[in-house]
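Just query_12.cif here, mmCIF, C-alpha atoms:
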```cif
data_work
loop_
_atom_site.label_atom_id
_atom_site.label_comp_id
_atom_site.auth_asym_id
_atom_site.auth_seq_id
_atom_site.Cartn_x
_atom_site.Cartn_y
_atom_site.Cartn_z
CA MET E 1 87.16 89.46 93.88
CA PRO E 2 90.18 87.28 94.59
CA THR E 3 89.64 84.51 97.09
CA GLY E 4 92.00 82.40 99.14
CA ALA E 5 94.67 82.92 101.74
CA ILE E 6 96.41 86.26 101.95
CA HIS E 7 100.15 86.32 102.34
CA MET E 8 102.59 89.20 102.66
CA ARG E 9 105.94 89.45 100.94
CA GLU E 10 108.57 91.95 99.89
CA ALA E 11 107.61 93.83 96.76
CA SER E 12 109.90 93.32 93.79
CA ILE E 13 110.43 95.38 90.66
CA SER E 14 108.45 92.76 88.75
CA ASP E 15 105.41 93.76 90.89
CA ALA E 16 105.37 97.33 89.50
CA ALA E 17 102.45 96.77 87.09
CA ALA E 18 100.35 94.92 89.70
CA ILE E 19 101.04 97.61 92.31
CA ALA E 20 100.13 100.27 89.74
CA ARG E 21 96.80 98.56 89.05
CA VAL E 22 95.94 98.48 92.77
CA HIS E 23 97.12 102.07 93.17
CA VAL E 24 94.91 103.32 90.31
CA GLU E 25 91.79 101.36 91.38
CA SER E 26 92.14 102.34 95.02
CA SER E 27 92.92 105.99 94.23
CA GLU E 28 89.94 106.33 91.92
CA ASP E 29 87.67 104.97 94.64
CA ALA E 30 89.16 107.05 97.46
CA TYR E 31 90.18 110.36 95.89
CA ALA E 32 87.71 110.93 93.05
CA PRO E 33 84.87 111.95 95.41
CA LEU E 34 87.05 114.79 96.75
CA VAL E 35 87.28 116.65 93.45
CA GLU E 36 84.97 117.87 90.72
CA GLU E 37 86.92 116.30 87.88
CA TRP E 38 89.11 113.25 88.41
CA SER E 39 91.88 112.39 86.00
CA ALA E 40 94.14 109.92 87.75
CA PRO E 41 97.31 108.73 86.08
CA GLY E 42 96.72 105.57 84.10
CA VAL E 43 98.17 102.17 84.88
CA ALA E 44 101.01 102.58 82.35
CA GLU E 45 102.14 105.86 83.93
CA ARG E 46 101.85 104.42 87.44
CA THR E 47 103.77 101.31 86.35
CA ARG E 48 106.67 103.51 85.22
CA MET E 49 106.48 105.42 88.50
CA TRP E 50 106.50 102.22 90.60
CA ASN E 51 109.26 100.68 88.54
CA GLY E 52 111.43 103.73 89.28
CA TRP E 53 110.36 103.86 92.94
CA LEU E 54 111.12 100.18 93.57
CA THR E 55 114.38 100.33 91.62
CA ALA E 56 115.56 103.34 93.65
CA ALA E 57 114.66 101.57 96.90
CA ARG E 58 116.86 98.53 96.23
CA GLY E 59 119.55 98.30 98.85
CA ASP E 60 118.03 101.04 101.06
CA PRO E 61 117.87 99.46 104.53
CA SER E 62 115.35 102.08 105.72
CA ARG E 63 112.76 101.03 103.14
CA ALA E 64 109.97 98.50 103.55
CA ASP E 65 107.99 97.79 100.38
CA LEU E 66 105.42 95.03 100.87
CA VAL E 67 102.58 93.51 98.89
CA ALA E 68 99.59 91.45 99.98
CA VAL E 69 98.93 88.59 97.59
CA VAL E 70 95.92 86.30 97.14
CA GLY E 71 96.79 83.38 94.91
CA SER E 72 99.15 85.07 92.50
CA GLU E 73 97.34 88.44 92.49
CA VAL E 74 98.68 91.54 94.27
CA VAL E 75 95.66 92.98 96.11
CA ALA E 76 97.32 95.62 98.30
CA PHE E 77 100.65 97.28 99.03
CA VAL E 78 102.42 99.48 101.53
CA THR E 79 105.71 101.31 101.49
CA ALA E 80 107.59 103.07 104.28
CA GLY E 81 111.03 104.49 104.92
CA SER E 82 112.95 107.57 105.96
CA PRO E 83 110.75 110.58 106.64
CA ARG E 84 110.43 113.07 103.80
CA ARG E 85 109.50 115.88 106.19
CA ASP E 86 111.93 117.15 108.78
CA ASP E 87 109.28 119.22 110.56
CA VAL E 88 107.47 116.10 111.82
CA ASN E 89 109.30 114.57 114.74
CA ALA E 90 109.35 110.98 113.49
CA ASP E 91 111.91 108.35 112.52
CA VAL E 92 109.77 106.61 109.86
CA GLU E 93 107.15 107.66 107.34
CA VAL E 94 104.54 105.32 105.89
CA TYR E 95 104.41 106.76 102.39
CA VAL E 96 101.39 104.96 101.02
CA ILE E 97 99.09 102.03 101.70
CA HIS E 98 96.40 100.94 99.26
CA VAL E 99 94.00 97.99 99.18
CA LEU E 100 91.73 97.01 96.29
CA PRO E 101 88.29 98.51 97.09
CA ALA E 102 86.59 95.08 97.03
CA LEU E 103 88.90 93.89 99.84
CA ARG E 104 88.66 96.88 102.17
CA GLY E 105 87.40 95.99 105.63
CA LYS E 106 88.57 92.39 105.29
CA GLY E 107 91.79 92.72 107.31
CA VAL E 108 94.21 93.04 104.39
CA GLY E 109 95.24 96.60 105.27
CA SER E 110 95.55 95.68 108.93
CA ARG E 111 97.92 92.84 108.15
CA LEU E 112 100.03 95.06 105.89
CA TRP E 113 100.09 97.80 108.51
CA THR E 114 101.21 95.40 111.24
CA GLU E 115 103.95 93.97 109.03
CA VAL E 116 105.29 97.30 107.77
CA CYS E 117 105.34 98.70 111.31
CA ALA E 118 107.17 95.63 112.61
CA ARG E 119 109.79 95.98 109.89
CA SER E 120 110.23 99.74 109.88
CA ARG E 121 109.70 100.62 113.55
CA GLY E 122 111.56 97.65 114.99
CA GLU E 123 111.33 96.26 118.51
CA SER E 124 111.93 99.70 120.01
CA LEU E 125 108.83 101.03 118.20
CA ARG E 126 110.52 104.01 116.58
CA SER E 127 108.19 106.94 115.90
CA VAL E 128 106.19 106.87 112.66
CA TYR E 129 103.86 109.19 110.79
CA VAL E 130 101.54 109.12 107.81
CA GLU E 131 100.12 112.10 105.95
CA THR E 132 96.65 112.00 104.38
CA PHE E 133 93.43 113.96 103.94
CA ALA E 134 90.87 114.19 106.76
CA GLU E 135 88.08 113.61 104.22
CA LEU E 136 89.26 110.06 103.44
CA ARG E 137 87.87 106.99 105.19
CA CYS E 138 91.44 105.80 105.88
CA CYS E 139 91.50 108.22 108.83
CA SER E 140 89.36 105.84 110.86
CA PHE E 141 91.92 103.11 110.03
CA TYR E 142 94.78 105.22 111.48
CA GLU E 143 92.72 106.32 114.48
CA ALA E 144 91.79 102.70 115.26
CA ARG E 145 95.52 101.96 115.37
CA GLY E 146 96.20 104.69 117.90
CA GLY E 147 97.41 107.45 115.61
CA ASP E 148 97.25 110.94 117.06
CA ILE E 149 96.64 113.92 114.81
CA ALA E 150 99.86 115.91 115.04
CA GLU E 151 98.95 118.42 112.35
CA SER E 152 95.81 119.55 110.56
CA THR E 153 95.94 122.23 107.88
CA PRO E 154 93.59 123.36 105.12
CA GLY E 155 94.74 122.53 101.62
CA GLU E 156 93.76 121.90 98.03
CA PHE E 157 93.73 118.69 96.02
CA LYS E 158 93.03 118.80 92.29
CA GLY E 159 90.76 121.82 92.70
CA GLY E 160 88.92 120.56 95.78
CA ASP E 161 89.26 121.81 99.34
CA VAL E 162 90.77 119.27 101.74
CA THR E 163 92.25 119.15 105.21
CA ARG E 164 95.74 117.69 105.28
CA VAL E 165 96.37 115.68 108.44
CA VAL E 166 99.44 114.01 109.86
CA TYR E 167 98.92 110.99 112.11
CA LEU E 168 101.77 110.30 114.50
CA TRP E 169 102.75 107.35 116.66
CA ARG E 170 105.41 108.44 119.13
CA ALA E 171 108.41 106.28 119.96
CA GLY E 172 107.31 103.34 122.09
CA GLN E 173 103.62 103.82 121.21
CA ALA E 174 101.89 100.76 119.79
CA SER E 175 100.49 101.13 116.28
CA GLY E 176 98.20 98.23 115.91
#
```

Please express what this file holds, its structure, as structure tokens.
Amino acid sequence: MPTGAIHMREASISDAAAIARVHVESSEDAYAPLVEEWSAPGVAERTRMWNGWLTAARGDPSRADLVAVVGSEVVAFVTAGSPRRDDVNADVEVYVIHVLPALRGKGVGSRLWTEVCARSRGESLRSVYVETFAELRCCSFYEARGGDIAESTPGEFKGGDVTRVVYLWRAGQASG
């Protein structure tokens, strides 16, 4: 487990492989228990995905792509921007936030969340949402930050039954 001070910074395209590693490790820990057979994309595939994602985001003022770093190691990331759903009444969507499993519960996710909300919601606290599965432990993270469940629908994820939930922070509502 990495040790030392945690600092936040903008993600760069050169972080794609490190973000992919965190994404794969965190996803395997979080999502695998929801399905009978887990076959997550490998680090190479995720690296290509993140390289494309970060390249496409360059110059987009609505995007906030951040990493948490200990020493020189990326240990967590978050990305937010324009909402992908027009049926959720929100100005911003937090697309994804992942923390290495060994560092969960140590404040890394909280620091990333605070920073991405400050950057993407602004001083006026624009509305924000995040979509996830009710079966994941991250729900307690969003609830502890004041997220209200705006939508809850049954769904399927890789052959397993899940409940898709949307957490919403209305305009002016604190998210920390």

Name every residue that the PyMOL selection byres ((chain E and resi 158-161) around 12) selects in this structure, writing the answer as an MDAnalysis selection string with chains first and numbers rising.
chainID E and resid 31:40 133:135 153:157 162:164

Atom CA of E:Leu54 to atom CA of E:Ala80, distance in Å rounded to a single decimal
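Atom-to-atom, atom CA of E:Leu54 and atom CA of E:Ala80 are spaced 11.6 Å apart.
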
Which of E:Arg145, E:Arg9, E:Arg63, E:Arg21 sits closest to E:Asp91 [using all atoms listed in the file]
E:Arg63

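Nearest to E:Ala5 of all the residues E:Gly81, E:Gly71, E:Gly107, E:Gly59 is E:Gly71, counting only C-alpha atoms.
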
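Using only C-alpha atoms for every distance, the candidate list E:Ser152, E:Ser110, E:Thr132, E:Ser72 yields E:Ser110 as the residue closest to E:Ser175.
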
Please write as a tab-separated table (two decimals) with C-alpha atoms, in the coordinates of the input the list of polymer residues whose atoms come within 9 Å of (92.8, 93.7, 101.9), counting all atoms listed in the file and keeping to the coordinates of the file.
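Output file part_19.tsv is given in full below:
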```tsv
chain	number	residue	atom	x	y	z
E	6	ILE	CA	96.41	86.26	101.95
E	68	ALA	CA	99.59	91.45	99.98
E	75	VAL	CA	95.66	92.98	96.11
E	76	ALA	CA	97.32	95.62	98.30
E	98	HIS	CA	96.40	100.94	99.26
E	99	VAL	CA	94.00	97.99	99.18
E	100	LEU	CA	91.73	97.01	96.29
E	101	PRO	CA	88.29	98.51	97.09
E	102	ALA	CA	86.59	95.08	97.03
E	103	LEU	CA	88.90	93.89	99.84
E	104	ARG	CA	88.66	96.88	102.17
E	105	GLY	CA	87.40	95.99	105.63
E	106	LYS	CA	88.57	92.39	105.29
E	107	GLY	CA	91.79	92.72	107.31
E	108	VAL	CA	94.21	93.04	104.39
E	109	GLY	CA	95.24	96.60	105.27
E	110	SER	CA	95.55	95.68	108.93
E	111	ARG	CA	97.92	92.84	108.15
E	112	LEU	CA	100.03	95.06	105.89
```

Would you mind listing what lies within 8 Å of E:Ala20 as a PDB file with C-alpha atoms, in the coordinates of the input, with all atoms listed in the file counted and same-chain residues fewer than 3 positions away left out?
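Printed below is around-v8.pdb as written:
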```pdb
ATOM      1  CA  ALA E  16     105.370  97.330  89.500  1.00  0.00           C
ATOM      2  CA  ALA E  17     102.450  96.770  87.090  1.00  0.00           C
ATOM      3  CA  HIS E  23      97.120 102.070  93.170  1.00  0.00           C
ATOM      4  CA  VAL E  24      94.910 103.320  90.310  1.00  0.00           C
ATOM      5  CA  VAL E  43      98.170 102.170  84.880  1.00  0.00           C
ATOM      6  CA  ALA E  44     101.010 102.580  82.350  1.00  0.00           C
ATOM      7  CA  ARG E  46     101.850 104.420  87.440  1.00  0.00           C
ATOM      8  CA  THR E  47     103.770 101.310  86.350  1.00  0.00           C
ATOM      9  CA  TRP E  50     106.500 102.220  90.600  1.00  0.00           C
TER      10      TRP E  50
END
```

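Atom pair atom CA of E:Asp148 / atom CA of E:Ala11 has a distance of 28.5 Å (rounded to one decimal).
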
The distance between atom CA of E:Arg126 and atom CA of E:Thr55 is 25.5 Å

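Among the candidate residues E:Tyr129, E:Trp113, E:Met49, E:Ala118, the one lying nearest to E:Pro83 is E:Tyr129, with distances computed using all atoms listed in the file.
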
Hey, what comes out of the PyMOL selection byres ((chain E and resi 82) around 10) on this file? Could you write it as a PyMOL selection string?
chain E and resi 60-64+80-81+83-85+90-95+120+128

Starting from the displayed file, determine the output of the PyMOL selection byres ((chain E and resi 150) around 8) and express the residue list as a PyMOL selection string.
chain E and resi 148-149+151-152+165-168

Which residue is closest to E:Arg58? Choose from E:Ile13, E:Val22, E:Val88, E:Ala174 and count only C-alpha atoms.
E:Ile13
